[in-house]
Each structure stands twice: as structure tokens, then as C-alpha cells.
Amino acid sequence: MGLPAESPSARPAPSFEYEAAMMDQYACPVVGIDEAGRGPWAGPVVVAALVLNPNRIPEGLNDSKLLTPEARADRYVEIMATACVSVVIGHVRRIDRDNILQASLWGMRMAYRGLGLPKGAALIDGNIVPKRFPAPARAIVGGDGLSLSVAAASIVAKVTRDRLMVKLARRYRRYGWESNKGYGTPEHALAVKKHGVCTHHRRSFAPVERALRLLERGERVAVSVED
């Protein structure tokens with residue numbers, strides 16, 4: 001059984017075809033892997049790896065970006081109840097030390113290992129299979145819109161990260177993270193310009209670096225309301 005084509009226009013919604021092809025090829029469970037949070041100025045990158053139960057696949061799985069927050073939350077509950085899931089958090093220190101791509105690839109390796117599978121294969125959203133990945137793997141551009149397992153991983157990663165940012169927003173109230181989730185929105189940019197940065201900002205990101213250079217008397221670091 002050959003692997004299906006990768007064109008996003010080939011099917012209107014994710015399917016289990018990629019998983020079925022890899023299961024036939026490798027005779028093992030197939031893991032879907034995706035991340036959330038590569039673009040924001042603040043907060044961690046979150047990677048999810050999971051194995052769906054072919055007999056209990058939740059309805060309505062799709063690229064998390066195409067679902068409403070309510071739909072994502074509902075699918076998240078169903079996924080967590082029916083799938084084998086591993087989630088890894090790549091914190092800001094790792095992002096600034098290694099860069100966001102390497103932090104994401106590290107998270108993919110660790111999330112896969114966290115499943116504890118004796119044998120497996122993986123479908124990874126994007127165009128890169130991490131070096132030293134511990135199993136046969138295939139990267140699929142737009143995989144969260146093609147593979148049900150990758151779509152489910154995208155939902156788990158997105159919901160997990162959004163909840164982390166809402167929690168951080170309660171401590172760092174000036175940045176509006178409960179709504180912008182750390183992305184470079186005008187609201188967030190204005191808050192950085194006015195209040196400086198905090199320990200959860202990614203200093204290796206160009207907009208944050210520029211903000212630091214522009215602040216009077218060097219760097220101004222915001223503290224949480226609990227400090």
C-alpha cells in the first residue's frame with residue numbers, strides 16, 4: 001500500500017489514510033505530532049504526540065486553527081479520553097538558547113519518547129523530521145489538515161498552550177495574553193513598549209530585542225503581580 005499524495009487540496013478534511021499507510025508499512029502504531037507557539041513573542045512552545053484509537057476517533061478533528069475555541073475545547077476532552085497522549089513544554093530559556101526551530105524539534109523527539117512505545121512510526125506536521133528521531137517518521141506540510149492524528153495533536157498542543165498563556169496572563173496582566181496568547185498583536189506591542197519585557201518574553205525574537213534596545217536606561221523587566 002503506497003503513501004498518499006501530500007496535496008492539501010486532495011481531500012476536504014483530515015483522514016486516517018496516512019496512518020493506515022504507515023501502519024501497513026511498519027506494522028506498528030502511528031503517532032501524530034504537532035506543535036503550537038512557534039510564532040509568539042512570549043511563552044513556551046508546546047508539542048503534542050499521540051496515538052488515536054482507530055475504533056474511537058473523535059468526530060470533527062481538524063487543523064486547530066480552523067476550529068473555534070469552543071470546538072477545540074470539546075475535541076480536546078474527547079482526545080484526552082480516547083487517545084494515548086504525550087505533551088512536552090519547551091520553555092523560553094530553551095527557545096532563546098537553541099532557537100525556536102530547534103526547541104520545537106527537541107520537543108517532537110521528547111514527546112514521541114514520552115509515549116513509551118516499544119515500536120512506532122510518526123507523522124509530523126511541517127517539512128522537517130528531527131535529527132536522531134527515534135522511529136521511522138514522515139513530515140507532511142499541512143499535515144494538521146490532512147492526517148487525523150496530526151490534527152488531534154494540533155488541537156492538544158493549541159489548547160494546552162492557550163491555557164498556559166491564560167494562566168500567565170493572570171500574573172502578567174499588562175500584556176493581554178489572555179486574548180493574544182503572546183503573539184505580536186498591536187496590543188502586545190504597545191504593552192512591551194510601555195512596560196518593558198518580562199521573564200516569559202523571548203529575547204531572541206527580533207521585535208523583543210528591538211524593544212529592549214529602545215527602552216530608556218537599558219532593560220526594564222516587568223514583575224508578576226505575585227512578586
# chains A, B, ... in the order shown; residues from 1 in each chain; ligands from 1
>>> residues_around(residues="Tyr26 of chain A", least_positions_apart="5", cutoff="9 Å", atoms="only C-alpha atoms", output="list in words")
Ala21, Gly120, Ala121 and Pro136 of chain A
>>> residues_around(residues="Pro130 of chain A", least_positions_apart="4", cutoff="8 Å", atoms="only C-alpha atoms", output="PyMOL selection string")
chain A and resi 105-106+108-109
>>> select_by_dssp(residues="segment 61-182 of chain A", states="strand (DSSP E)", output="list in words")
Cys84, Val85, Ser86, Val87, Val88, Ile89, Gly90, Ala121, Ala122, Leu123, Ile124, Asp125, Ala137, Arg138, Ala139 and Ile140 of chain A
>>> closest_residue(among="A:Val192, A:Pro58, A:Ala103, A:Ile140", to="Arg38 of chain A", atoms="only C-alpha atoms")
A:Ala103
>>> closest_residue(among="A:Ile33, A:Met22, A:Ile89, A:Ala111", to="Leu164 of chain A", atoms="only C-alpha atoms")
A:Ile89
>>> select_by_dssp(residues="chain A", states="alpha helix (DSSP H)", output="number ranges by chain")
A: 17-26, 69-82, 92-98, 100-114, 148-171, 177-180, 186-195, 206-214
>>> residues_around(residues="Ile57 of chain A", least_positions_apart="3", cutoff="8 Å", atoms="only C-alpha atoms", output="MDAnalysis selection string")
chainID A and resid 52:54 79 82
>>> residues_around(residues="Arg203 of chain A", least_positions_apart="5", cutoff="7 Å", atoms="only C-alpha atoms", output="short mmCIF file (atom, residue, chain, number, x, y, z; two decimals) with N, CA and C atoms, in the first residue's frame")
data_model
loop_
_atom_site.label_atom_id
_atom_site.label_comp_id
_atom_site.auth_asym_id
_atom_site.auth_seq_id
_atom_site.Cartn_x
_atom_site.Cartn_y
_atom_site.Cartn_z
N ASP A 96 15.36 30.64 23.65
CA ASP A 96 16.39 31.66 23.48
C ASP A 96 17.78 31.05 23.34
N VAL A 208 11.29 41.68 20.21
CA VAL A 208 11.61 41.84 21.63
C VAL A 208 13.00 42.44 21.80
N GLU A 209 13.94 42.00 20.97
CA GLU A 209 15.29 42.57 21.01
C GLU A 209 15.24 44.08 20.72
#
